[in-house]
$ cat structure-v2.pdb   # PDB, C-alpha atoms
ATOM      1  CA  MET P 157      21.143  13.530  13.095
ATOM      2  CA  THR P 158      17.898  11.629  13.568
ATOM      3  CA  THR P 159      15.032  12.683  11.324
ATOM      4  CA  ALA P 160      11.572  12.712  12.892
ATOM      5  CA  ILE P 161       9.225  10.083  11.488
ATOM      6  CA  SER P 162       6.066  12.112  12.251
ATOM      7  CA  ARG P 163       4.935  15.610  13.155
ATOM      8  CA  PHE P 164       3.015  14.026  16.029
ATOM      9  CA  PRO P 165       4.320  12.267  19.134
ATOM     10  CA  VAL P 166       5.493   8.704  18.607
ATOM     11  CA  PRO P 167       4.834   6.643  21.734
ATOM     12  CA  GLU P 168       7.445   4.391  23.266
ATOM     13  CA  LEU P 169       6.785   0.685  22.774
ATOM     14  CA  ALA P 170       6.567   0.134  26.547
ATOM     15  CA  GLN P 171       3.759   2.728  26.788
ATOM     16  CA  LEU P 172       1.488   1.008  24.272
ATOM     17  CA  PRO P 173      -1.458  -1.265  25.032
ATOM     18  CA  ASP P 174      -0.448  -4.936  25.038
ATOM     19  CA  ASP P 175      -2.278  -5.855  21.795
ATOM     20  CA  ILE P 176      -0.619  -3.046  19.837
ATOM     21  CA  ARG P 177       2.825  -3.728  21.281
ATOM     22  CA  GLU P 178       2.440  -7.446  20.411
ATOM     23  CA  LYS P 179       1.426  -6.600  16.820
ATOM     24  CA  ILE P 180       4.410  -4.268  16.420
ATOM     25  CA  LEU P 181       6.837  -6.822  17.860
ATOM     26  CA  ALA P 182       5.451  -9.515  15.533
ATOM     27  CA  VAL P 183       6.023  -7.232  12.536
ATOM     28  CA  GLN P 184       9.535  -6.450  13.758
ATOM     29  CA  GLU P 185      10.281 -10.163  14.091
ATOM     30  CA  LYS P 186       9.094 -10.870  10.539
ATOM     31  CA  ALA P 187      10.551  -7.795   8.793
ATOM     32  CA  GLY P 188      13.673  -7.232  10.876
ATOM     33  CA  PHE P 189      12.590  -3.645  11.621
ATOM     34  CA  VAL P 190       9.431  -1.768  12.577
ATOM     35  CA  PRO P 191       7.832   0.076   9.658
ATOM     36  CA  ASN P 192       7.218   3.647  10.736
ATOM     37  CA  VAL P 193       3.501   3.422   9.948
ATOM     38  CA  PHE P 194       3.054   1.172  12.995
ATOM     39  CA  LEU P 195       4.858   3.574  15.288
ATOM     40  CA  THR P 196       3.216   6.746  14.009
ATOM     41  CA  LEU P 197      -0.340   5.404  14.033
ATOM     42  CA  ALA P 198       0.123   4.027  17.553
ATOM     43  CA  HIS P 199      -0.307   7.670  18.623
ATOM     44  CA  ARG P 200      -4.055   6.878  18.571
ATOM     45  CA  PRO P 201      -4.586   3.269  19.666
ATOM     46  CA  ASP P 202      -8.266   2.947  18.697
ATOM     47  CA  GLU P 203      -7.565   4.280  15.199
ATOM     48  CA  PHE P 204      -4.484   2.043  14.943
ATOM     49  CA  ARG P 205      -6.664  -1.010  15.598
ATOM     50  CA  ALA P 206      -9.330   0.060  13.095
ATOM     51  CA  PHE P 207      -6.753   0.967  10.441
ATOM     52  CA  PHE P 208      -4.883  -2.321  10.635
ATOM     53  CA  ALA P 209      -8.070  -4.400  10.844
ATOM     54  CA  TYR P 210      -9.238  -2.943   7.533
ATOM     55  CA  HIS P 211      -5.727  -3.027   6.063
ATOM     56  CA  ASP P 212      -5.394  -6.721   6.872
ATOM     57  CA  ALA P 213      -8.898  -7.521   5.568
ATOM     58  CA  LEU P 214      -7.960  -5.979   2.204
ATOM     59  CA  MET P 215      -4.307  -6.822   1.829
ATOM     60  CA  LEU P 216      -4.088 -10.281   3.430
ATOM     61  CA  LYS P 217      -7.268 -11.618   1.835
ATOM     62  CA  GLN P 218      -6.920 -15.207   0.626
ATOM     63  CA  THR P 219      -9.839 -15.182  -1.857
ATOM     64  CA  GLY P 220     -10.407 -13.500  -5.205
ATOM     65  CA  ASN P 221      -8.329 -13.076  -8.325
ATOM     66  CA  LEU P 222      -5.939 -10.407  -7.029
ATOM     67  CA  SER P 223      -2.488 -11.620  -6.064
ATOM     68  CA  LYS P 224      -0.446 -10.007  -3.294
ATOM     69  CA  ALA P 225       1.617  -8.345  -6.025
ATOM     70  CA  ASP P 226      -1.563  -7.003  -7.683
ATOM     71  CA  ARG P 227      -2.662  -5.469  -4.386
ATOM     72  CA  GLU P 228       0.727  -3.842  -3.819
ATOM     73  CA  MET P 229       0.777  -2.596  -7.411
ATOM     74  CA  ILE P 230      -2.548  -0.837  -6.845
ATOM     75  CA  VAL P 231      -1.210   0.781  -3.677
ATOM     76  CA  THR P 232       2.020   1.893  -5.334
ATOM     77  CA  ALA P 233       0.375   3.377  -8.438
ATOM     78  CA  THR P 234      -2.428   5.190  -6.620
ATOM     79  CA  SER P 235      -0.169   6.393  -3.809
ATOM     80  CA  ALA P 236       2.032   7.986  -6.459
ATOM     81  CA  LYS P 237      -1.012   9.865  -7.785
ATOM     82  CA  ASN P 238      -1.594  11.108  -4.224
ATOM     83  CA  ASN P 239       2.086  12.083  -3.863
ATOM     84  CA  CYS P 240       2.534   9.883  -0.810
ATOM     85  CA  LEU P 241       6.235   9.261  -0.349
ATOM     86  CA  TYR P 242       5.757   6.802   2.508
ATOM     87  CA  CYS P 243       3.370   4.493   0.675
ATOM     88  CA  VAL P 244       5.184   4.623  -2.666
ATOM     89  CA  VAL P 245       8.466   3.701  -0.999
ATOM     90  CA  ALA P 246       7.112   1.118   1.478
ATOM     91  CA  HIS P 247       4.590  -0.592  -0.798
ATOM     92  CA  GLY P 248       6.920  -0.290  -3.776
ATOM     93  CA  ALA P 249       9.423  -2.344  -1.778
ATOM     94  CA  ILE P 250       6.796  -4.966  -1.005
ATOM     95  CA  LEU P 251       5.719  -4.986  -4.669
ATOM     96  CA  ARG P 252       9.303  -5.627  -5.788
ATOM     97  CA  ILE P 253       9.490  -8.597  -3.431
ATOM     98  CA  TYR P 254       6.097 -10.136  -4.301
ATOM     99  CA  SER P 255       6.548  -9.638  -8.051
ATOM    100  CA  LYS P 256      10.222 -10.671  -7.972
ATOM    101  CA  ASN P 257      10.791  -7.705 -10.275
ATOM    102  CA  PRO P 258      13.178  -4.953  -9.134
ATOM    103  CA  LEU P 259      11.931  -2.520 -11.816
ATOM    104  CA  VAL P 260       8.147  -2.660 -11.621
ATOM    105  CA  ALA P 261       7.524  -0.456  -8.572
ATOM    106  CA  ASP P 262       9.404   2.522  -9.966
ATOM    107  CA  GLN P 263       7.741   2.052 -13.342
ATOM    108  CA  VAL P 264       4.160   1.962 -12.065
ATOM    109  CA  ALA P 265       4.794   4.807  -9.620
ATOM    110  CA  VAL P 266       6.013   7.077 -12.418
ATOM    111  CA  ASN P 267       3.751   5.995 -15.293
ATOM    112  CA  HIS P 268       2.018   2.630 -15.404
ATOM    113  CA  LEU P 269       1.241   3.202 -19.102
ATOM    114  CA  LYS P 270       4.970   2.859 -19.847
ATOM    115  CA  ALA P 271       5.618   0.074 -17.339
ATOM    116  CA  ASP P 272       6.569  -3.471 -18.256
ATOM    117  CA  ILE P 273       3.284  -4.944 -17.028
ATOM    118  CA  THR P 274       0.595  -7.139 -18.552
ATOM    119  CA  LEU P 275      -2.559  -5.851 -20.244
ATOM    120  CA  ARG P 276      -4.504  -7.254 -17.275
ATOM    121  CA  GLU P 277      -2.373  -5.286 -14.807
ATOM    122  CA  SER P 278      -2.675  -2.165 -16.942
ATOM    123  CA  ALA P 279      -6.491  -2.445 -16.988
ATOM    124  CA  MET P 280      -6.465  -2.961 -13.217
ATOM    125  CA  LEU P 281      -4.344   0.162 -12.699
ATOM    126  CA  ASP P 282      -6.377   2.226 -15.182
ATOM    127  CA  PHE P 283      -9.427   1.492 -13.046
ATOM    128  CA  ALA P 284      -7.652   2.033  -9.711
ATOM    129  CA  ILE P 285      -6.328   5.398 -10.856
ATOM    130  CA  LYS P 286      -9.785   6.391 -12.064
ATOM    131  CA  VAL P 287     -11.169   5.485  -8.633
ATOM    132  CA  CYS P 288      -8.327   7.470  -7.056
ATOM    133  CA  LEU P 289      -8.715  10.627  -9.132
ATOM    134  CA  ASP P 290     -12.215  10.585 -10.647
ATOM    135  CA  SER P 291     -14.408   8.038  -8.868
ATOM    136  CA  GLN P 292     -17.652   9.802  -9.748
ATOM    137  CA  SER P 293     -16.978   8.930 -13.404
ATOM    138  CA  VAL P 294     -16.789   5.142 -12.903
ATOM    139  CA  ASN P 295     -19.368   3.546 -15.202
ATOM    140  CA  ASP P 296     -20.499   0.281 -16.784
ATOM    141  CA  GLY P 297     -17.756   0.560 -19.412
ATOM    142  CA  ASP P 298     -15.121   0.374 -16.684
ATOM    143  CA  TYR P 299     -16.682  -2.822 -15.337
ATOM    144  CA  ALA P 300     -16.892  -4.311 -18.837
ATOM    145  CA  GLU P 301     -13.218  -3.557 -19.493
ATOM    146  CA  LEU P 302     -12.159  -5.226 -16.259
ATOM    147  CA  ARG P 303     -14.319  -8.272 -16.951
ATOM    148  CA  LYS P 304     -12.555  -8.680 -20.326
ATOM    149  CA  HIS P 305      -9.366  -9.206 -18.328
ATOM    150  CA  GLY P 306     -10.848 -11.825 -15.995
ATOM    151  CA  PHE P 307     -11.866  -9.656 -13.052
ATOM    152  CA  ASP P 308     -15.224 -10.364 -11.440
ATOM    153  CA  ASP P 309     -17.393  -8.013  -9.368
ATOM    154  CA  GLU P 310     -15.683  -9.012  -6.112
ATOM    155  CA  ASP P 311     -12.277  -8.242  -7.647
ATOM    156  CA  ILE P 312     -13.569  -4.862  -8.813
ATOM    157  CA  TRP P 313     -14.776  -4.159  -5.278
ATOM    158  CA  ASP P 314     -11.314  -5.117  -3.976
ATOM    159  CA  ILE P 315      -9.538  -2.803  -6.432
ATOM    160  CA  ALA P 316     -11.813   0.073  -5.414
ATOM    161  CA  ALA P 317     -11.579  -0.682  -1.681
ATOM    162  CA  ILE P 318      -7.774  -0.906  -1.735
ATOM    163  CA  THR P 319      -7.604   2.373  -3.649
ATOM    164  CA  ALA P 320     -10.030   4.107  -1.282
ATOM    165  CA  PHE P 321      -8.379   2.785   1.877
ATOM    166  CA  PHE P 322      -4.956   3.893   0.739
ATOM    167  CA  GLY P 323      -6.390   7.274  -0.223
ATOM    168  CA  LEU P 324      -7.045   7.700   3.504
ATOM    169  CA  SER P 325      -3.620   6.309   4.353
ATOM    170  CA  ASN P 326      -1.880   8.576   1.815
ATOM    171  CA  ARG P 327      -3.569  11.664   3.173
ATOM    172  CA  MET P 328      -2.700  10.867   6.787
ATOM    173  CA  ALA P 329       0.890   9.987   5.884
ATOM    174  CA  ASN P 330       1.237  13.300   4.045
ATOM    175  CA  VAL P 331      -0.391  15.361   6.812
ATOM    176  CA  ILE P 332       1.789  13.887   9.562
ATOM    177  CA  SER P 333       4.927  13.837   7.369
ATOM    178  CA  MET P 334       5.414  10.113   7.891
ATOM    179  CA  ARG P 335       8.947   9.244   6.851
ATOM    180  CA  PRO P 336       9.667   5.946   5.091
ATOM    181  CA  ASN P 337      12.135   3.668   6.841
ATOM    182  CA  ASP P 338      15.541   3.642   5.182
ATOM    183  CA  GLU P 339      15.283  -0.162   4.909
ATOM    184  CA  PHE P 340      12.473   0.102   2.345
ATOM    185  CA  PHE P 341      14.575   1.918  -0.241
ATOM    186  CA  LEU P 342      16.777  -1.087  -1.007
ATOM    187  CA  MET P 343      14.349  -3.968  -0.429
ATOM    188  CA  GLY P 344      13.764  -6.159  -3.460
ATOM    189  CA  ARG P 345      16.201  -4.272  -5.699
ATOM    190  CA  VAL P 346      18.979  -6.846  -5.668
ATOM    191  CA  PRO P 347      18.822 -10.604  -5.066
ATOM    192  CA  ARG P 348      19.418 -11.746  -1.507
ATOM    193  CA  ALA P 349      22.914 -13.068  -0.862
TER
END
$ encode --input "structure-v2.pdb" --output "structure tokens"
Amino acid sequence: MTTAISRFPVPELAQLPDDIREKILAVQEKAGFVPNVFLTLAHRPDEFRAFFAYHDALMLKQTGNLSKADREMIVTATSAKNNCLYCVVAHGAILRIYSKNPLVADQVAVNHLKADITLRESAMLDFAIKVCLDSQSVNDGDYAELRKHGFDDEDIWDIAAITAFFGLSNRMANVISMRPNDEFFLMGRVPRA
């Protein structure tokens, strides 16, 4: 039995505009499969383009003090607070790979306060979760705490922007019942043969 990956229609690859089809095929070539987020969001091509433009600007950024693992850790922890199965599973897999730690994604998704992470990472996640759940309460003390751990204002912006962007992503994934690809569940859990 095949389980639907979305409550909404998922277009066939051949029906998609050339730029979207090329992006999806490039991801498939790199990953070995097509993450369902690409297929489900292709339902609305203009929104697909806008979503992935902002996603890439935040997550593929080459400047600042946030590593790729830091960015994925933020997504995993805040997506857990938003009860987003797709993003916890998919970005947890990417976090395991970037951090080279098969345990960290599950730990930060359940309770980052008990996770085997650094004080810097804990401060980063404390702030991200505050942005996720209580952004109106962010204050100068939050900035001061982050600065103690080496984050500058641009890093703080990045933490907030990643959290906010994935808040949108989490809500859409939940509303459309986006199903994580089976491939994500095992990625980064055991060393490659």
$ resolve_selection --input "structure-v2.pdb" --expression "the PyMOL selection byres ((chain P and resi 239) around 12)" --output "list in words"
Val231, Thr232, Ala233, Thr234, Ser235, Ala236, Lys237, Asn238, Cys240, Leu241, Tyr242, Cys243, Val244, Val245, Ala265, Val266, Cys288, Phe322, Gly323, Ser325, Asn326, Arg327, Met328, Ala329, Asn330, Val331 and Ser333 of chain P
$ atom_distance --input "structure-v2.pdb" --atom1 "CA of Gly306 (chain P)" --atom2 "CA of Asn221 (chain P)"
8.2 Å
$ closest_residue --input "structure-v2.pdb" --among "P:Leu275, P:Leu342, P:Ala320, P:Ile332" --to "Lys304 (chain P)" --atoms "all atoms listed in the file"
P:Leu275
$ atom_distance --input "structure-v2.pdb" --atom1 "CA of Leu197 (chain P)" --atom2 "CA of Thr319 (chain P)"
19.4 Å
$ resolve_selection --input "structure-v2.pdb" --expression "the PyMOL selection byres ((chain P and resi 255-258) around 10)" --output "PDB file with C-alpha atoms, in the coordinates of the input"
ATOM      1  CA  SER P 223      -2.488 -11.620  -6.064  1.00  0.00           C
ATOM      2  CA  LYS P 224      -0.446 -10.007  -3.294  1.00  0.00           C
ATOM      3  CA  ALA P 225       1.617  -8.345  -6.025  1.00  0.00           C
ATOM      4  CA  ASP P 226      -1.563  -7.003  -7.683  1.00  0.00           C
ATOM      5  CA  GLU P 228       0.727  -3.842  -3.819  1.00  0.00           C
ATOM      6  CA  MET P 229       0.777  -2.596  -7.411  1.00  0.00           C
ATOM      7  CA  GLY P 248       6.920  -0.290  -3.776  1.00  0.00           C
ATOM      8  CA  ALA P 249       9.423  -2.344  -1.778  1.00  0.00           C
ATOM      9  CA  ILE P 250       6.796  -4.966  -1.005  1.00  0.00           C
ATOM     10  CA  LEU P 251       5.719  -4.986  -4.669  1.00  0.00           C
ATOM     11  CA  ARG P 252       9.303  -5.627  -5.788  1.00  0.00           C
ATOM     12  CA  ILE P 253       9.490  -8.597  -3.431  1.00  0.00           C
ATOM     13  CA  TYR P 254       6.097 -10.136  -4.301  1.00  0.00           C
ATOM     14  CA  LEU P 259      11.931  -2.520 -11.816  1.00  0.00           C
ATOM     15  CA  VAL P 260       8.147  -2.660 -11.621  1.00  0.00           C
ATOM     16  CA  ALA P 261       7.524  -0.456  -8.572  1.00  0.00           C
ATOM     17  CA  ASP P 262       9.404   2.522  -9.966  1.00  0.00           C
ATOM     18  CA  GLN P 263       7.741   2.052 -13.342  1.00  0.00           C
ATOM     19  CA  ASP P 272       6.569  -3.471 -18.256  1.00  0.00           C
ATOM     20  CA  LEU P 342      16.777  -1.087  -1.007  1.00  0.00           C
ATOM     21  CA  MET P 343      14.349  -3.968  -0.429  1.00  0.00           C
ATOM     22  CA  GLY P 344      13.764  -6.159  -3.460  1.00  0.00           C
ATOM     23  CA  ARG P 345      16.201  -4.272  -5.699  1.00  0.00           C
ATOM     24  CA  VAL P 346      18.979  -6.846  -5.668  1.00  0.00           C
ATOM     25  CA  PRO P 347      18.822 -10.604  -5.066  1.00  0.00           C
TER      26      PRO P 347
END
$ atom_distance --input "structure-v2.pdb" --atom1 "CA of Leu169 (chain P)" --atom2 "CA of Lys217 (chain P)"
28.1 Å
$ residues_near_point --input "structure-v2.pdb" --point "(-6.4, -7.0, -10.4)" --cutoff "9 Å" --atoms "all atoms listed in the file" --output "MDAnalysis selection string"
chainID P and resid 221:223 226:227 229:230 276:281 302 305:307 311:312 314:315
$ resolve_selection --input "structure-v2.pdb" --expression "the PyMOL selection byres ((chain P and resi 165) around 10)" --output "number ranges by chain"
P: 160-164, 166-168, 195-200
$ residues_around --input "structure-v2.pdb" --residues "Ile180 (chain P)" --least-positions-apart "5" --cutoff "9 Å" --atoms "all atoms listed in the file" --output "VMD selection string"
chain P and resid 169 175 185 190 to 191 194 to 195
$ closest_residue --input "structure-v2.pdb" --among "P:His211, P:Arg205, P:Lys186, P:Lys179" --to "Phe321 (chain P)" --atoms "all atoms listed in the file"
P:His211
$ axis_aligned_box --input "structure-v2.pdb" --around "region 292-311 of chain P" --padding-each-side "4 Å" --output "AutoDock Vina command-line options"
--center_x -14.9 --center_y -1.0 --center_z -13.2 --size_x 19.1 --size_y 29.6 --size_z 22.2
$ closest_residue --input "structure-v2.pdb" --among "P:Thr159, P:Asp174, P:His268, P:Ala316" --to "Asn192 (chain P)" --atoms "only C-alpha atoms"
P:Thr159
$ closest_residue --input "structure-v2.pdb" --among "P:Ala213, P:Phe341, P:Ala271, P:Arg303" --to "Ile318 (chain P)" --atoms "all atoms listed in the file"
P:Ala213
